[in-house]
Every structure is written in C-alpha cells, then in structure tokens.
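Source file input-v1.txt; content: compact mmCIF, C-alpha atoms.
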```txt
# COMPACT_ATOMS: atom_id res chain seq x y z
CA MET D 3 0.00 0.00 0.00
CA SER D 4 1.39 3.42 -0.95
CA ILE D 5 1.91 6.19 1.59
CA GLU D 6 -0.86 8.13 -0.20
CA ASP D 7 -3.30 5.25 0.33
CA GLN D 8 -2.34 4.89 3.99
CA LEU D 9 -2.72 8.58 4.69
CA SER D 10 -5.98 8.87 2.78
CA GLY D 11 -7.39 6.08 4.93
CA LEU D 12 -7.43 8.43 7.87
CA ALA D 13 -10.15 10.47 6.19
CA GLY D 14 -12.66 7.70 6.84
CA GLY D 15 -15.02 7.86 9.74
CA LEU D 16 -15.97 11.53 9.56
CA PRO D 17 -19.35 12.24 11.16
CA ASP D 18 -22.36 12.07 8.81
CA GLY D 19 -22.83 15.27 6.85
CA ILE D 20 -19.27 16.48 7.49
CA SER D 21 -17.24 16.84 4.32
CA GLU D 22 -13.46 16.82 4.22
CA GLY D 23 -13.49 20.55 3.49
CA VAL D 24 -15.68 21.26 6.51
CA ALA D 25 -13.53 18.98 8.68
CA LEU D 26 -10.43 20.91 7.67
CA GLY D 27 -12.10 24.27 8.12
CA THR D 28 -13.43 23.42 11.58
CA GLY D 29 -10.27 21.82 12.93
CA LEU D 30 -11.52 18.21 12.94
CA ALA D 31 -8.84 17.26 10.44
CA ASP D 32 -5.62 18.45 8.84
CA GLY D 33 -4.75 18.33 5.17
CA TYR D 34 -1.45 17.01 3.88
CA ASP D 35 0.69 17.06 0.78
CA LEU D 36 3.97 15.40 -0.20
CA TYR D 37 7.17 17.33 -0.91
CA PRO D 38 10.76 16.48 -1.82
CA SER D 39 13.36 17.36 0.81
CA PRO D 40 17.10 16.87 1.43
CA LEU D 41 16.11 13.69 3.36
CA GLY D 42 13.73 12.34 0.72
CA GLU D 43 9.98 12.71 0.42
CA VAL D 44 8.24 14.25 3.41
CA VAL D 45 4.63 14.71 4.47
CA VAL D 46 3.71 18.28 5.37
CA THR D 47 0.38 18.78 7.15
CA PHE D 48 -1.58 21.98 7.56
CA ASN D 49 -4.80 23.42 8.95
CA THR D 50 -6.43 26.83 9.09
CA GLU D 51 -3.65 28.16 11.37
CA GLY D 52 -0.71 27.09 9.23
CA VAL D 53 1.68 24.18 8.76
CA SER D 54 1.17 21.81 11.69
CA SER D 55 3.71 19.03 11.19
CA LEU D 56 6.42 17.59 8.98
CA ASP D 57 7.58 13.99 8.95
CA LEU D 58 9.28 11.50 6.67
CA ALA D 59 6.86 9.91 4.18
CA THR D 60 7.45 6.42 5.55
CA ASN D 61 5.17 3.65 6.81
CA GLY D 62 3.62 4.56 10.13
CA TYR D 63 3.38 8.28 9.57
CA GLU D 64 -0.40 8.25 9.87
CA ALA D 65 -0.22 6.59 13.28
CA ARG D 66 2.45 9.03 14.45
CA PHE D 67 0.32 11.99 13.37
CA ALA D 68 -2.80 10.66 15.10
CA ASP D 69 -0.83 9.95 18.27
CA ARG D 70 0.77 13.39 18.36
CA HIS D 71 -2.15 15.53 17.25
CA GLY D 72 -5.35 13.53 17.75
CA ARG D 73 -6.82 14.66 14.43
CA ARG D 74 -7.75 13.04 11.13
CA LEU D 75 -5.78 13.58 7.98
CA PHE D 76 -6.60 13.73 4.27
CA ARG D 77 -4.91 14.75 1.03
CA ALA D 78 -5.56 18.36 0.12
CA GLU D 79 -3.87 21.30 -1.53
CA PRO D 80 -2.67 23.97 0.90
CA PRO D 81 -3.62 27.58 0.19
CA ALA D 82 -1.67 28.69 -2.86
CA ASN D 83 0.60 31.10 -1.03
CA TRP D 84 1.42 28.45 1.62
CA GLY D 85 2.19 25.77 -0.94
CA ARG D 86 4.47 28.19 -2.74
CA HIS D 87 6.45 28.92 0.44
CA ILE D 88 6.79 25.37 1.84
CA PRO D 89 9.72 24.22 -0.38
CA GLY D 90 11.60 27.47 0.25
CA ALA D 91 11.02 27.25 4.00
CA MET D 92 12.45 23.72 4.08
CA GLU D 93 15.46 24.79 2.02
CA ALA D 94 16.17 27.87 4.16
CA GLY D 95 15.34 26.19 7.46
CA THR D 96 13.07 28.96 8.68
CA PRO D 97 9.33 29.63 8.23
CA GLY D 98 9.74 33.10 6.74
CA ARG D 99 6.29 34.07 5.46
CA LEU D 100 4.90 30.59 5.98
CA PRO D 101 2.43 30.46 8.90
CA VAL D 102 2.98 27.63 11.38
CA ASP D 103 0.62 26.11 13.91
CA LEU D 104 2.34 25.71 17.30
CA ARG D 105 -0.81 25.84 19.44
CA SER D 106 0.02 22.47 20.98
CA ARG D 107 3.25 23.89 22.43
CA THR D 108 3.59 25.86 25.66
CA ALA D 109 4.49 29.55 25.63
CA PHE D 110 8.09 28.67 26.53
CA GLN D 111 8.29 26.02 23.81
CA ASN D 112 6.86 28.48 21.28
CA ARG D 113 9.51 31.02 22.19
CA VAL D 114 12.31 28.46 21.96
CA LEU D 115 11.11 27.17 18.58
CA HIS D 116 10.87 30.66 17.15
CA ILE D 117 14.39 31.44 18.40
CA ALA D 118 15.68 28.20 16.87
CA ALA D 119 14.25 29.36 13.55
CA THR D 120 16.67 32.32 13.62
CA ILE D 121 19.82 30.15 13.63
CA PRO D 122 21.50 30.81 10.28
CA ARG D 123 21.97 28.09 7.71
CA GLY D 124 25.39 26.50 8.13
CA GLU D 125 25.64 27.30 11.85
CA VAL D 126 24.67 25.57 15.10
CA ARG D 127 23.87 26.71 18.62
CA PRO D 128 23.85 24.76 21.91
CA TYR D 129 20.86 24.15 24.16
CA GLY D 130 22.25 26.61 26.69
CA TRP D 131 22.27 29.42 24.13
CA LEU D 132 18.61 28.84 23.32
CA ALA D 133 17.72 28.77 27.01
CA ARG D 134 19.54 32.06 27.60
CA GLU D 135 17.99 33.71 24.53
CA ALA D 136 14.57 32.62 25.87
CA GLU D 137 15.46 34.29 29.18
CA LYS D 138 15.49 30.94 31.01
CA PRO D 139 19.24 30.31 31.43
CA GLY D 140 18.75 27.23 33.59
CA ALA D 141 16.36 25.52 31.18
CA SER D 142 18.77 23.64 28.90
CA ARG D 143 17.06 20.33 29.60
CA ALA D 144 13.66 21.80 28.72
CA VAL D 145 15.16 23.17 25.50
CA GLY D 146 16.37 19.66 24.62
CA SER D 147 12.88 18.27 25.19
CA THR D 148 11.40 21.03 23.03
CA MET D 149 13.76 20.20 20.18
CA ALA D 150 12.90 16.49 20.47
CA ARG D 151 9.21 17.37 20.12
CA ASN D 152 9.56 19.99 17.39
CA PRO D 153 6.51 19.29 15.19
CA ILE D 154 7.96 21.00 12.10
CA PRO D 155 11.60 19.93 11.61
CA LEU D 156 13.41 21.27 8.53
CA ILE D 157 11.14 24.34 8.62
CA ILE D 158 12.06 25.01 12.26
CA PRO D 159 15.68 23.80 12.09
CA CYS D 160 16.22 21.73 15.23
CA HIS D 161 19.07 20.02 13.34
CA ARG D 162 21.02 23.26 13.99
CA VAL D 163 20.73 22.81 17.76
CA VAL D 164 23.39 20.72 19.53
CA ARG D 165 24.01 19.57 23.06
CA SER D 166 25.53 22.00 25.51
CA ASP D 167 28.73 19.92 25.54
CA GLY D 168 29.08 20.48 21.80
CA HIS D 169 28.16 16.98 20.64
CA LEU D 170 25.50 16.75 17.95
CA GLY D 171 22.90 14.86 19.97
CA GLU D 172 19.77 13.10 18.73
CA TYR D 173 17.43 14.11 15.93
CA SER D 174 13.71 13.39 15.75
CA LEU D 175 13.45 13.29 11.95
CA GLY D 176 14.95 9.87 11.30
CA GLY D 177 17.84 9.84 13.77
CA PRO D 178 21.28 11.44 14.26
CA HIS D 179 22.59 10.27 10.89
CA ASN D 180 20.02 12.54 9.23
CA LYS D 181 21.18 15.43 11.41
CA TRP D 182 24.75 14.74 10.29
CA GLU D 183 23.59 14.69 6.65
CA LEU D 184 21.68 17.97 6.89
CA LEU D 185 24.56 19.77 8.60
CA THR D 186 26.99 18.41 6.02
CA GLN D 187 24.79 19.73 3.21
CA GLU D 188 24.86 23.13 4.91
CA GLY D 189 28.67 23.12 5.13
CA VAL D 190 28.91 22.73 8.90
CA GLU D 191 31.48 19.88 8.94
CA PRO D 192 29.98 17.70 11.71
CA ALA D 193 33.25 15.79 12.18
CA ARG D 194 34.92 19.07 13.14
CA LEU D 195 32.18 19.78 15.68
CA VAL D 196 32.66 16.35 17.23
CA GLU D 197 36.41 16.91 17.44
CA LEU D 198 35.94 20.30 19.11
CA ALA D 199 33.47 18.78 21.57
CA GLU D 200 35.88 16.00 22.47
CA HIS D 201 38.58 18.61 23.12
CA ARG D 202 36.13 20.61 25.27
CA VAL D 203 36.20 23.63 22.96
CA ARG D 204 33.02 25.64 23.45
CA VAL D 205 33.96 29.01 21.93
CA GLN D 206 36.76 30.37 19.77
CA GLY D 207 38.35 33.81 19.73
CA ASP D 208 40.13 35.84 17.09
CA PRO D 209 43.20 37.53 18.60
CA ALA D 210 43.17 40.11 15.79
CA THR D 211 39.72 41.41 16.72
CA GLY D 212 39.49 40.36 20.37
CA VAL D 213 36.08 38.77 19.67
CA TYR D 214 34.99 35.24 20.63
CA CYS D 215 32.20 33.29 18.93
CA HIS D 216 30.44 29.97 18.64
CA PRO D 217 32.73 27.80 16.47
CA THR D 218 30.33 27.79 13.50
CA CYS D 219 29.63 31.54 13.52
CA HIS D 220 30.53 33.00 10.13
CA VAL D 221 32.45 35.78 11.89
CA ILE D 222 35.02 33.45 13.46
CA ARG D 223 35.12 31.12 10.47
CA ALA D 224 36.23 34.04 8.33
CA SER D 225 39.31 34.28 10.56
CA GLY D 226 40.67 30.93 9.40
CA GLU D 227 40.94 27.75 11.46
CA TRP D 228 44.59 28.32 12.33
CA ASN D 229 44.17 31.91 13.50
CA VAL D 230 41.85 31.33 16.44
CA ALA D 231 42.18 30.63 20.13
CA ASP D 232 40.16 27.79 21.67
CA PHE D 233 38.38 28.19 25.01
CA PRO D 234 36.47 25.71 27.21
CA SER D 235 33.94 28.33 28.27
CA THR D 236 32.80 31.88 27.71
CA ALA D 237 34.22 32.76 31.12
CA ALA D 238 37.66 31.58 30.01
CA ALA D 239 37.42 33.66 26.85
CA ARG D 240 36.48 36.77 28.83
CA SER D 241 39.28 36.14 31.31
CA ALA D 242 41.70 36.10 28.37
CA GLY D 243 40.49 39.57 27.38
CA PHE D 244 38.09 38.65 24.59
CA ARG D 245 34.61 40.10 24.20
CA PRO D 246 31.51 38.26 22.91
CA CYS D 247 30.50 38.42 19.25
CA GLU D 248 27.52 40.68 18.68
CA VAL D 249 26.31 38.44 15.84
CA CYS D 250 26.17 34.97 17.45
CA ARG D 251 25.88 36.24 21.05
CA PRO D 252 27.79 33.42 22.77
CA GLY D 253 27.16 34.84 26.26
```
Encoded form using structure tokens:
Amino acid sequence: MSIEDQLSGLAGGLPDGISEGVALGTGLADGYDLYPSPLGEVVVTFNTEGVSSLDLATNGYEARFADRHGRRLFRAEPPANWGRHIPGAMEAGTPGRLPVDLRSRTAFQNRVLHIAATIPRGEVRPYGWLAREAEKPGASRAVGSTMARNPIPLIIPCHRVVRSDGHLGEYSLGGPHNKWELLTQEGVEPARLVELAEHRVRVQGDPATGVYCHPTCHVIRASGEWNVADFPSTAAARSAGFRPCEVCRPG
C-alpha cells in the first residue's frame, strides 16, 4: 500500500454530513501534501492556522500523526501562497512568510522554537544558548525536550541545535545520521564539531579582533581555522580579554 493510500485512509469515519473541506475548516482534520526534501519525500500537514507538522513519508506516519495531534488527515492542496512557500522554507530552514501552527506547544516552547528558527543556515547553537535567549538560562534540559518534540523539523531547524557539551545529539526526523547529513549539506562539517566537543572547545576567539564566537559563527570562520584561540567556556574567553560576538551572542 502506498503512503498516499495509507494517509488517505485516515479520512474515513468523519461524522455524517461532514465533508473533508468542513472537517479541515473546523479543525476536525488536517490536510497534507507530499514534498521532496534533502532527506527524501516528506509529508507536510496543515490546517487553518498554518503548517502543523512535517515527517518523513514512511510507513507509520499516519499513526504518528494521530498519536501526536489527535486529528484526522486527508490529502488536500494547501492555500496557494502556503504551498508556494513550503519548499523554500524547508530549504532555508526557517518559516519566513509561511504560517505555522504551534498551538500544541507551551508559551516557553513556542519562544524556543521561534528562536531556533533564527539560527543561520550553516551554523549551530547549543541548548544553553537557546535557554539564555529565551530568558530561562537554567532551562537547557527543557530546551532539549522542546527540540525532540519539534513538530515542524526542517522548517524550524532543530538540526542546527546541539548539546551544551558540543556533541551533535539526537534528531527526531529519522535519527542522528540525518542530522549529520543535513549539517553536512549546509557546510557545517559535523566531524569538526565532534572533534571540538571531544577537546572541550566551546567558543573560539580571534586575537586580531578580540572577539569570541560559537565555532560555526561565520564571523570566526572568516578568521581561518589556524588563527583562532580555543576556550572551554565563555568565562575563560572573557578572562583572556576577549569580548563576545555581537552576531552569534555566545554569552
């Protein structure tokens, strides 16, 4: 059975007199469409509020959607302007003009997800950075849980969020190997990140400018790998006389 047939099967069982269009318009169901992505075909779902989820178009998606959202699902075309923006949002790794439905998330989770969407392509940030940007500096664990439950990966780029110790961590959209693949496609060099994490390098400074950054920040990468100083913490960088980058805001 094709993924289209499996997903369409969820449209059955609507109450008498309720059409698919009415179900979508009243929130009883979400529509879905299939899109190519860097990880293969994905299912993108949407409702009247915006895009509600994204998952790999593999067997079991329909059960995962029902479990996570408690709504029915059927094939439908998104509003024209949404459908036009979905491929670009996945490519850029940020919603941009595409509306997203995060009503199932808490206020804190919403804030964290929106901050994650600002991480530039080709860069990563640790859990602790997200927690601090959300004005909850002690909430790194909650940030990790939020990333694990991100309903719209690729569009909200949780693959650009790493553990506070610098290691890549898990990834909800198919596992850590997919995270590695996405970061590689963006030019991040995951093997370099792993090496830095193993050597306890958290930030890097440029002696020529006196500025320290997250290792993937484009400001420090422009300095050249051999022209930077490695530090195990932001405190160590400040003690050495460096000041934080105003672009990546390492703390």
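Every protein, DNA or RNA residue with an atom at most 10 Å from segment 130-147 of chain D, where all atoms listed in the file count and chain neighbours fewer than 4 positions away do not, is listed here: Phe110, Gln111, Asn112, Arg113, Val114, Leu115, His116, Ile117, Ala118, Ile121, Arg151, Asn152, Cys160, Val163, Val164, Arg165, Ser166, Asp167, Gly171, Glu172, His216, Cys250, Arg251, Pro252 and Gly253 of chain D.
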Need the shell around segment 193-206 of chain D: protein/DNA/RNA residues with any atom at most 7 Å away, counting all atoms listed in the file. Skip same-chain ones fewer than 2 positions apart. Format as a list of chain:residue names?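 The neighbour list is D:Asp167, D:Gly168, D:His169, D:Glu191, D:Asp208, D:Tyr214, D:Cys215, D:His216, D:Pro217, D:Val230, D:Ala231, D:Asp232, D:Phe233, D:Pro234, D:Ser235, D:Thr236.
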With C-alpha atoms kept, could you save the residues just selected as a compact mmCIF listing (two decimals), keeping the file's coordinate frame?
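Dumped everything to out-v4.txt:
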```
# COMPACT_ATOMS: atom_id res chain seq x y z
CA ASP D 167 28.73 19.92 25.54
CA GLY D 168 29.08 20.48 21.80
CA HIS D 169 28.16 16.98 20.64
CA GLU D 191 31.48 19.88 8.94
CA ASP D 208 40.13 35.84 17.09
CA TYR D 214 34.99 35.24 20.63
CA CYS D 215 32.20 33.29 18.93
CA HIS D 216 30.44 29.97 18.64
CA PRO D 217 32.73 27.80 16.47
CA VAL D 230 41.85 31.33 16.44
CA ALA D 231 42.18 30.63 20.13
CA ASP D 232 40.16 27.79 21.67
CA PHE D 233 38.38 28.19 25.01
CA PRO D 234 36.47 25.71 27.21
CA SER D 235 33.94 28.33 28.27
CA THR D 236 32.80 31.88 27.71
```
With distances taken over all atoms listed in the file, which of D:Leu100, D:Ala65, D:Ile157, D:Ile88 is nearest to Glu51 of chain D?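 Answer, going by the shortest atom-to-atom distance: D:Leu100.
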For the point (6.1, 15.3, 0.8) in the file's frame, write as a count of residues only all residues with an atom no more than 10 Å away, counting all atoms listed in the file. 17
May I ask for the distance between atom CA of Gly72 of chain D and atom CA of Trp84 of chain D, given in Å to one decimal place?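 Distance between the two atoms: 23.0 Å.
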Return the single residue from D:Pro80, D:Pro40, D:Ser174, D:Ser106 that is closest to Thr186 of chain D, with distances computed using only C-alpha atoms.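 Ranked by minimum distance to Thr186 of chain D, first place goes to D:Pro40.
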One decimal, in Å: what's the spacing between atom CA of Pro178 of chain D and atom CA of Glu227 of chain D? 25.7 Å
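The interatomic distance for the pair atom CA of Gly243 of chain D and atom CA of Ser225 of chain D works out to 17.7 Å.
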Considering only C-alpha atoms, can you say which of D:Ser54, D:Met92, D:Thr211, D:Ala82 comes closest to Ala224 of chain D?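 Closest to Ala224 of chain D, using only C-alpha atoms: D:Thr211.
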Min atom-atom distance to Arg223 of chain D from the set D:Leu170, D:Arg240, D:Gly124, D:Pro159, counting all atoms listed in the file, belongs to D:Gly124
Set the distance at 10 Å and use only C-alpha atoms: which residues neighbour Leu185 of chain D once local chain neighbours fewer than 3 positions away are removed? I'd like the list as a list in words.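 The filter keeps Arg123, Gly124, Glu125, Val126, His161, Arg162, Leu170, His179, Asn180, Lys181, Trp182, Glu188, Gly189, Val190, Glu191 and Pro192 of chain D.
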